[in-house]
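start33.cif (mmCIF, C-alpha atoms)
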```cif
data_my_file
loop_
_atom_site.label_atom_id
_atom_site.label_comp_id
_atom_site.auth_asym_id
_atom_site.auth_seq_id
_atom_site.Cartn_x
_atom_site.Cartn_y
_atom_site.Cartn_z
CA MET A 29 68.48 74.78 0.85
CA PRO A 30 65.18 73.43 2.15
CA ARG A 31 65.37 72.20 5.72
CA GLN A 32 65.38 68.43 5.90
CA GLN A 33 62.29 67.12 7.67
CA GLN A 34 63.08 65.13 10.78
CA PRO A 35 61.36 61.77 11.21
CA ALA A 36 58.54 61.72 13.74
CA ALA A 37 59.68 60.65 17.15
CA ARG A 38 58.41 57.30 18.37
CA PRO A 39 56.52 57.28 21.63
CA ALA A 40 58.73 56.10 24.44
CA ALA A 41 58.04 52.61 25.70
CA ARG A 42 56.70 52.44 29.22
CA PRO A 43 59.73 51.79 31.40
CA VAL A 44 59.69 49.13 34.05
CA ARG A 45 59.00 51.03 37.22
CA ARG A 46 61.90 50.79 39.62
CA ARG A 47 60.92 51.17 43.24
CA SER A 48 63.25 49.23 45.42
CA TYR A 49 64.49 49.31 48.98
CA ASP A 50 67.81 48.10 47.58
CA GLN A 51 68.22 45.64 50.41
CA PHE A 52 69.38 42.06 49.97
CA ASP A 53 66.55 40.76 52.12
CA ALA A 54 63.53 38.60 51.32
CA THR A 55 61.03 40.90 53.05
CA ALA A 56 62.39 43.97 51.26
CA ARG A 57 62.26 42.15 47.92
CA ALA A 58 58.66 41.15 48.56
CA LEU A 59 57.70 44.72 49.38
CA ASP A 60 59.39 45.87 46.17
CA SER A 61 56.60 43.96 44.38
CA VAL A 62 53.56 44.29 46.64
CA GLY A 63 54.31 47.22 48.95
CA ASP A 64 52.48 49.83 46.88
CA ARG A 65 49.08 51.06 48.00
CA TRP A 66 46.22 48.98 46.49
CA THR A 67 48.37 46.10 45.18
CA LEU A 68 47.46 43.58 47.88
CA LEU A 69 43.80 44.57 47.68
CA ILE A 70 43.87 43.85 43.95
CA VAL A 71 45.34 40.44 44.81
CA ARG A 72 42.48 39.95 47.27
CA GLU A 73 39.97 40.55 44.48
CA LEU A 74 41.76 38.28 42.01
CA LEU A 75 41.87 35.42 44.51
CA GLY A 76 38.18 35.12 43.63
CA GLY A 77 39.06 34.33 40.01
CA PRO A 78 39.55 36.28 36.76
CA ARG A 79 37.99 39.74 36.77
CA ARG A 80 37.39 42.50 34.26
CA TYR A 81 38.88 45.93 34.82
CA THR A 82 35.43 47.45 35.39
CA ASP A 83 34.58 44.83 38.02
CA LEU A 84 37.86 45.45 39.84
CA HIS A 85 37.23 49.18 39.85
CA ALA A 86 33.69 48.67 41.20
CA ASP A 87 34.91 46.50 44.09
CA LEU A 88 37.86 48.72 44.99
CA PRO A 89 36.03 51.90 46.01
CA GLY A 90 38.42 54.80 46.37
CA VAL A 91 40.98 53.78 43.77
CA SER A 92 41.33 56.06 40.75
CA THR A 93 41.27 54.64 37.25
CA ASP A 94 44.85 55.79 36.65
CA VAL A 95 46.18 54.15 39.80
CA LEU A 96 44.32 50.90 39.15
CA ALA A 97 45.63 50.71 35.58
CA SER A 98 49.15 51.47 36.80
CA ARG A 99 49.05 48.83 39.53
CA LEU A 100 47.72 46.18 37.15
CA LYS A 101 50.48 46.98 34.68
CA ASP A 102 53.07 46.72 37.45
CA MET A 103 51.62 43.37 38.54
CA GLU A 104 51.89 42.08 34.98
CA GLN A 105 55.50 43.21 34.70
CA SER A 106 56.43 41.62 38.03
CA GLY A 107 54.78 38.31 37.16
CA LEU A 108 51.96 38.51 39.71
CA ALA A 109 49.09 38.77 37.23
CA LEU A 110 48.34 38.42 33.55
CA ARG A 111 45.74 39.81 31.18
CA ARG A 112 43.94 37.65 28.65
CA LYS A 113 40.96 37.92 26.34
CA LEU A 114 37.92 35.78 26.93
CA PRO A 115 36.98 33.40 24.09
CA PRO A 116 34.23 34.38 21.60
CA PRO A 117 31.51 35.53 21.64
CA SER A 118 32.86 37.69 24.49
CA ALA A 119 35.37 40.35 23.53
CA ALA A 120 36.21 41.32 27.12
CA SER A 121 39.63 41.05 28.72
CA VAL A 122 40.17 39.80 32.24
CA TYR A 123 43.00 39.91 34.75
CA GLU A 124 43.98 36.84 36.73
CA LEU A 125 46.71 35.82 39.13
CA THR A 126 49.71 33.81 38.09
CA GLU A 127 50.99 30.97 40.25
CA ARG A 128 53.35 33.44 41.93
CA GLY A 129 50.52 35.88 42.54
CA HIS A 130 48.38 33.13 44.03
CA GLY A 131 51.24 32.37 46.40
CA LEU A 132 50.17 35.49 48.29
CA LEU A 133 47.07 33.67 49.61
CA PRO A 134 48.60 32.79 53.02
CA VAL A 135 49.95 36.34 53.26
CA LEU A 136 46.48 37.82 52.73
CA THR A 137 44.91 35.28 55.09
CA ALA A 138 47.42 36.18 57.81
CA LEU A 139 46.88 39.91 57.24
CA ALA A 140 43.11 39.42 57.51
CA ALA A 141 43.54 37.63 60.86
CA TRP A 142 45.94 40.32 62.10
CA GLY A 143 43.64 43.15 61.03
CA ALA A 144 40.36 41.64 62.27
CA PRO A 145 40.64 43.14 65.80
CA ALA A 146 40.67 46.60 64.20
CA LEU A 147 37.12 46.05 62.91
CA ALA A 148 35.51 46.83 66.24
CA GLU A 149 33.30 49.51 64.72
CA ARG A 150 32.29 50.30 61.16
CA ARG A 151 33.00 53.92 60.24
CA PRO A 152 30.41 55.93 58.26
CA THR A 153 32.85 56.19 55.34
CA ASP A 154 33.63 52.46 55.23
CA ALA A 155 32.59 50.58 52.09
CA VAL A 156 31.67 46.91 52.43
CA ARG A 157 31.37 43.93 50.11
CA ALA A 158 30.18 40.48 51.14
CA HIS A 159 33.13 38.65 49.57
CA TRP A 160 35.60 40.65 51.67
CA SER A 161 34.71 38.19 54.45
CA ALA A 162 35.98 35.21 52.45
CA LEU A 163 39.62 35.31 53.56
CA PRO A 164 38.86 35.93 57.26
CA LEU A 165 36.44 32.98 57.19
CA LEU A 166 39.04 30.76 55.56
CA GLY A 167 41.32 31.44 58.49
CA ALA A 168 38.53 30.96 61.05
CA LEU A 169 37.56 27.58 59.54
CA ALA A 170 41.10 26.33 59.02
CA GLY A 171 40.58 23.30 61.28
CA LEU A 172 37.83 21.67 59.21
CA THR A 173 38.59 18.12 58.07
CA ARG A 174 35.68 17.70 55.65
CA GLU A 175 36.36 19.39 52.32
CA GLY A 176 33.73 21.02 50.16
CA ILE A 177 32.07 24.15 48.83
CA MET A 178 30.40 26.33 51.43
CA GLU A 179 27.93 29.03 50.46
CA VAL A 180 27.88 32.02 52.82
CA ARG A 181 24.87 34.29 53.13
CA LEU A 182 25.41 37.65 54.83
CA ASP A 183 23.21 40.71 54.99
CA GLU A 184 25.56 42.36 52.47
CA GLY A 185 25.33 39.55 49.90
CA VAL A 186 26.32 36.00 49.04
CA PHE A 187 29.61 34.34 48.16
CA HIS A 188 31.04 30.84 48.30
CA LEU A 189 34.41 29.32 49.12
CA ARG A 190 36.19 26.00 49.36
CA VAL A 191 36.98 24.90 52.88
CA GLY A 192 38.52 21.93 54.64
CA GLY A 193 41.51 19.74 53.97
CA GLY A 194 43.92 22.67 54.20
CA ALA A 195 42.09 24.46 51.36
CA GLU A 196 42.87 27.83 52.88
CA PHE A 197 46.49 27.42 51.81
CA ALA A 198 46.22 24.81 49.04
CA PRO A 199 44.01 26.18 46.24
CA PRO A 200 41.57 23.71 44.66
CA GLY A 201 41.56 22.31 41.16
CA PRO A 202 44.29 21.18 38.77
CA GLU A 203 45.75 24.67 38.39
CA PRO A 204 47.88 26.01 41.25
CA TYR A 205 46.26 29.43 40.84
CA ALA A 206 42.59 28.41 40.84
CA ALA A 207 40.13 30.66 42.66
CA VAL A 208 39.67 29.99 46.37
CA TYR A 209 36.33 31.78 46.61
CA GLY A 210 33.61 32.90 44.24
CA TYR A 211 31.05 35.68 43.90
CA GLY A 212 27.38 34.92 44.40
CA PRO A 213 25.68 31.60 45.14
CA ALA A 214 27.39 28.26 44.45
CA ASP A 215 25.91 25.86 41.89
CA ARG A 216 25.93 22.83 44.18
CA PRO A 217 27.20 23.77 47.63
CA ASP A 218 27.97 21.06 50.16
CA ALA A 219 26.71 23.36 52.91
CA ARG A 220 25.15 26.77 53.35
CA ILE A 221 25.64 29.07 56.32
CA VAL A 222 23.53 32.09 57.19
CA LEU A 223 24.89 34.60 59.69
CA GLY A 224 25.10 38.28 60.44
CA ALA A 225 28.05 40.57 59.93
CA GLU A 226 28.80 40.81 63.66
CA VAL A 227 28.96 37.03 64.04
CA CYS A 228 31.24 36.85 61.01
CA LEU A 229 33.56 39.38 62.66
CA GLU A 230 33.59 37.38 65.90
CA LEU A 231 34.67 34.31 63.94
CA ALA A 232 37.42 36.28 62.22
CA ARG A 233 38.67 37.70 65.53
CA GLY A 234 38.66 34.26 67.16
CA GLU A 235 36.08 35.34 69.74
CA ALA A 236 33.71 32.50 68.83
CA THR A 237 33.57 29.36 66.72
CA LEU A 238 30.94 28.58 64.13
CA VAL A 239 29.76 25.61 66.22
CA GLU A 240 29.20 27.95 69.18
CA ALA A 241 27.35 30.44 66.99
CA VAL A 242 25.11 27.67 65.65
CA LYS A 243 24.32 26.41 69.14
CA ASP A 244 23.52 29.98 70.24
CA GLY A 245 21.14 30.37 67.30
CA ARG A 246 23.16 33.25 65.83
CA ALA A 247 24.18 31.23 62.76
CA GLN A 248 22.42 28.59 60.72
CA VAL A 249 23.95 25.74 58.77
CA LEU A 250 21.88 24.16 56.00
CA GLY A 251 22.70 20.84 54.36
CA ASP A 252 22.78 17.12 55.10
CA GLY A 253 26.28 16.13 54.00
CA PRO A 254 29.47 15.54 56.00
CA LEU A 255 30.67 19.14 55.68
CA ALA A 256 27.39 20.55 56.98
CA ALA A 257 27.45 18.09 59.87
CA GLU A 258 30.98 19.13 60.86
CA LEU A 259 30.05 22.81 60.65
CA ARG A 260 27.23 22.10 63.11
CA GLY A 261 29.61 20.21 65.40
CA GLU A 262 27.90 16.85 64.87
#
```
For this file, produce the structure as structure tokens.
Amino acid sequence: MPRQQQPAARPAARPVRRRSYDQFDATARALDSVGDRWTLLIVRELLGGPRRYTDLHADLPGVSTDVLASRLKDMEQSGLALRRKLPPPSAASVYELTERGHGLLPVLTALAAWGAPALAERRPTDAVRAHWSALPLLGALAGLTREGIMEVRLDEGVFHLRVGGGAEFAPPGPEPYAAVYGYGPADRPDARIVLGAEVCLELARGEATLVEAVKDGRAQVLGDGPLAAELRGE
């Protein structure tokens, strides 16, 4: 008798990755979702708004394509991020944070403040991006009362962020997961600041205030509105 042909096996569905501390504790549960290497740095990038896979890979030097794809998939499955296609004529897909993912903003801001003292010296192997200073600056400028868009010009590049009115923990806009900073110049900033990387680090470490840096001539604030005046200490 001829051997009966077996149906082709279906490819196995990607299982939900199970990495758990198996502890009934809020901190352990949080680390079940974000404790993997690179996950929180992906969140840092997505706090700047939706990003394509290629852009994420470019601004996360050192991550392999396999690991980045795996982490993004895990973040989708755990409800931290989602993937969507941009409307025509673009055919690109972008990743963005969900409301739960955006809830990690104060966590990242606190980590940036905690880690700032470790930036005493830049190592030869260290990569740098201008927008990596956004979260440390949000923490350093947390006491501002005037709200607005501030454009920041560093030697490494330009970015902009919303400051004032508790913006460092309450994201702007009607959506609870709107971007808290942006890449490149702002369209209509309420103020512009120009400063060097060392001054930016001093602000992040709490060793100086922006008003002090302006008075010392190590930072410059441009603009005539209320936010610019407050940044200058007027």
Can you list, as a count of residues only, the residues that the PyMOL selection byres ((chain A and resi 247) around 10) selects here? 18
Kindly resolve the PyMOL selection byres ((chain A and resi 59-63) around 7) on the present coordinates and return the residues as a PyMOL selection string. chain A and resi 47-49+55-58+64-65+67-68+106
What is the distance, in Å and to one decimal place, between CA of Glu258 (chain A) and CA of Leu136 (chain A)?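 Distance between the two atoms: 25.6 Å.
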Residue nearest Leu110 (chain A) - candidates A:Arg80, A:His85, A:Arg216, A:Arg72, atoms counted: all atoms listed in the file: A:Arg80
Using all atoms listed in the file, the residue out of A:Gln51, A:Leu229, A:Ala138, A:Leu75 with shortest distance to Arg150 (chain A) is A:Leu229
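The two atoms in question, CA of Ala146 (chain A) and CA of Ala236 (chain A), are spaced 16.4 Å apart.
Straight-line separation from CA of Met103 (chain A) to CA of Gly210 (chain A): 21.6 Å.
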Residues matched by the PyMOL selection byres ((chain A and resi 118-131) around 8) as a ChimeraX atom specification: /A:71,74-75,77-81,107-117,132-134,204-205
Using C-alpha atoms, can you export the residues from the last selection as a compact mmCIF listing (two decimals), keeping the file's coordinate frame?
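Result went into again33.txt, see below:
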```txt
# COMPACT_ATOMS: atom_id res chain seq x y z
CA VAL A 71 45.34 40.44 44.81
CA LEU A 74 41.76 38.28 42.01
CA LEU A 75 41.87 35.42 44.51
CA GLY A 77 39.06 34.33 40.01
CA PRO A 78 39.55 36.28 36.76
CA ARG A 79 37.99 39.74 36.77
CA ARG A 80 37.39 42.50 34.26
CA TYR A 81 38.88 45.93 34.82
CA GLY A 107 54.78 38.31 37.16
CA LEU A 108 51.96 38.51 39.71
CA ALA A 109 49.09 38.77 37.23
CA LEU A 110 48.34 38.42 33.55
CA ARG A 111 45.74 39.81 31.18
CA ARG A 112 43.94 37.65 28.65
CA LYS A 113 40.96 37.92 26.34
CA LEU A 114 37.92 35.78 26.93
CA PRO A 115 36.98 33.40 24.09
CA PRO A 116 34.23 34.38 21.60
CA PRO A 117 31.51 35.53 21.64
CA LEU A 132 50.17 35.49 48.29
CA LEU A 133 47.07 33.67 49.61
CA PRO A 134 48.60 32.79 53.02
CA PRO A 204 47.88 26.01 41.25
CA TYR A 205 46.26 29.43 40.84
```
Could you write out as AutoDock Vina command-line options the box around region 125-135 of chain A (axis-aligned, all atoms listed in the file, 3 Å on each side), with centre and edge lengths in Å to one decimal?
```
--center_x 50.0 --center_y 33.7 --center_z 45.7 --size_x 12.6 --size_y 11.4 --size_z 21.2
```
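Of the listed residues A:Ala219, A:Leu88, A:Leu255, A:Val135, the one whose atoms come nearest to Trp160 (chain A) is A:Leu88, with distances taken using all atoms listed in the file.
Proximity to Ala158 (chain A) at 7 Å, evaluated using all atoms listed in the file and with sequence-adjacent residues fewer than 3 positions away removed, yields Ser161, Leu182, Glu184, Gly185, Val186 and Phe187 of chain A.
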Out of A:Ala256, A:Arg151, A:Glu235, A:Glu226, which residue has the shortest atom-to-atom distance to Val191 (chain A) when counting all atoms listed in the file? A:Ala256
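Ranking A:Gly176, A:Pro145, A:Gly90, A:Gly76 by their shortest atom-to-atom distance to Arg233 (chain A), with all atoms listed in the file included, puts A:Pro145 first.
Ranking A:Ile177, A:Ala225, A:Ala97, A:Leu84 by their shortest atom-to-atom distance to Gly253 (chain A), with only C-alpha atoms included, puts A:Ile177 first.
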N, CA and C atoms modelled onto region 106-128 of chain A, as a PDB file, in the frame of the given file:
```pdb
ATOM      1  N   SER A 106      55.741  42.349  36.971  1.00  0.00           N
ATOM      2  CA  SER A 106      56.430  41.620  38.030  1.00  0.00           C
ATOM      3  C   SER A 106      56.023  40.157  38.115  1.00  0.00           C
ATOM      4  N   GLY A 107      55.156  39.711  37.200  1.00  0.00           N
ATOM      5  CA  GLY A 107      54.780  38.310  37.160  1.00  0.00           C
ATOM      6  C   GLY A 107      53.741  37.887  38.165  1.00  0.00           C
ATOM      7  N   LEU A 108      53.002  38.835  38.745  1.00  0.00           N
ATOM      8  CA  LEU A 108      51.960  38.510  39.710  1.00  0.00           C
ATOM      9  C   LEU A 108      50.606  38.253  39.045  1.00  0.00           C
ATOM     10  N   ALA A 109      50.373  38.881  37.912  1.00  0.00           N
ATOM     11  CA  ALA A 109      49.090  38.770  37.230  1.00  0.00           C
ATOM     12  C   ALA A 109      49.302  38.800  35.729  1.00  0.00           C
ATOM     13  N   LEU A 110      48.302  38.348  35.007  1.00  0.00           N
ATOM     14  CA  LEU A 110      48.340  38.420  33.550  1.00  0.00           C
ATOM     15  C   LEU A 110      46.978  38.850  33.043  1.00  0.00           C
ATOM     16  N   ARG A 111      46.973  39.346  31.829  1.00  0.00           N
ATOM     17  CA  ARG A 111      45.740  39.810  31.180  1.00  0.00           C
ATOM     18  C   ARG A 111      45.497  38.950  29.960  1.00  0.00           C
ATOM     19  N   ARG A 112      44.260  38.473  29.803  1.00  0.00           N
ATOM     20  CA  ARG A 112      43.940  37.650  28.650  1.00  0.00           C
ATOM     21  C   ARG A 112      42.525  37.981  28.179  1.00  0.00           C
ATOM     22  N   LYS A 113      42.281  37.697  26.915  1.00  0.00           N
ATOM     23  CA  LYS A 113      40.960  37.920  26.340  1.00  0.00           C
ATOM     24  C   LYS A 113      40.109  36.669  26.495  1.00  0.00           C
ATOM     25  N   LEU A 114      38.847  36.888  26.824  1.00  0.00           N
ATOM     26  CA  LEU A 114      37.920  35.780  26.930  1.00  0.00           C
ATOM     27  C   LEU A 114      37.595  35.255  25.533  1.00  0.00           C
ATOM     28  N   PRO A 115      37.296  33.962  25.406  1.00  0.00           N
ATOM     29  CA  PRO A 115      36.980  33.400  24.090  1.00  0.00           C
ATOM     30  C   PRO A 115      35.670  33.956  23.547  1.00  0.00           C
ATOM     31  N   PRO A 116      35.478  33.911  22.204  1.00  0.00           N
ATOM     32  CA  PRO A 116      34.230  34.380  21.600  1.00  0.00           C
ATOM     33  C   PRO A 116      33.042  33.630  22.197  1.00  0.00           C
ATOM     34  N   PRO A 117      31.868  34.249  22.248  1.00  0.00           N
ATOM     35  CA  PRO A 117      31.510  35.530  21.640  1.00  0.00           C
ATOM     36  C   PRO A 117      31.910  36.754  22.482  1.00  0.00           C
ATOM     37  N   SER A 118      32.471  36.549  23.670  1.00  0.00           N
ATOM     38  CA  SER A 118      32.860  37.690  24.490  1.00  0.00           C
ATOM     39  C   SER A 118      34.129  38.318  23.943  1.00  0.00           C
ATOM     40  N   ALA A 119      34.170  39.628  23.984  1.00  0.00           N
ATOM     41  CA  ALA A 119      35.370  40.350  23.530  1.00  0.00           C
ATOM     42  C   ALA A 119      36.084  41.003  24.704  1.00  0.00           C
ATOM     43  N   ALA A 120      35.654  40.670  25.932  1.00  0.00           N
ATOM     44  CA  ALA A 120      36.210  41.320  27.120  1.00  0.00           C
ATOM     45  C   ALA A 120      37.566  40.723  27.477  1.00  0.00           C
ATOM     46  N   SER A 121      38.361  41.515  28.168  1.00  0.00           N
ATOM     47  CA  SER A 121      39.630  41.050  28.720  1.00  0.00           C
ATOM     48  C   SER A 121      39.502  40.946  30.228  1.00  0.00           C
ATOM     49  N   VAL A 122      40.207  39.993  30.795  1.00  0.00           N
ATOM     50  CA  VAL A 122      40.170  39.800  32.240  1.00  0.00           C
ATOM     51  C   VAL A 122      41.602  39.746  32.769  1.00  0.00           C
ATOM     52  N   TYR A 123      41.734  40.043  34.044  1.00  0.00           N
ATOM     53  CA  TYR A 123      43.000  39.910  34.750  1.00  0.00           C
ATOM     54  C   TYR A 123      42.887  38.712  35.685  1.00  0.00           C
ATOM     55  N   GLU A 124      43.968  37.974  35.820  1.00  0.00           N
ATOM     56  CA  GLU A 124      43.980  36.840  36.730  1.00  0.00           C
ATOM     57  C   GLU A 124      45.375  36.685  37.325  1.00  0.00           C
ATOM     58  N   LEU A 125      45.435  36.020  38.464  1.00  0.00           N
ATOM     59  CA  LEU A 125      46.710  35.820  39.130  1.00  0.00           C
ATOM     60  C   LEU A 125      47.516  34.721  38.453  1.00  0.00           C
ATOM     61  N   THR A 126      48.810  34.873  38.469  1.00  0.00           N
ATOM     62  CA  THR A 126      49.710  33.810  38.090  1.00  0.00           C
ATOM     63  C   THR A 126      49.917  32.901  39.305  1.00  0.00           C
ATOM     64  N   GLU A 127      50.692  31.847  39.126  1.00  0.00           N
ATOM     65  CA  GLU A 127      50.990  30.970  40.250  1.00  0.00           C
ATOM     66  C   GLU A 127      51.717  31.759  41.355  1.00  0.00           C
ATOM     67  N   ARG A 128      52.630  32.641  40.940  1.00  0.00           N
ATOM     68  CA  ARG A 128      53.350  33.440  41.930  1.00  0.00           C
ATOM     69  C   ARG A 128      52.404  34.405  42.647  1.00  0.00           C
TER      70      ARG A 128
END
```
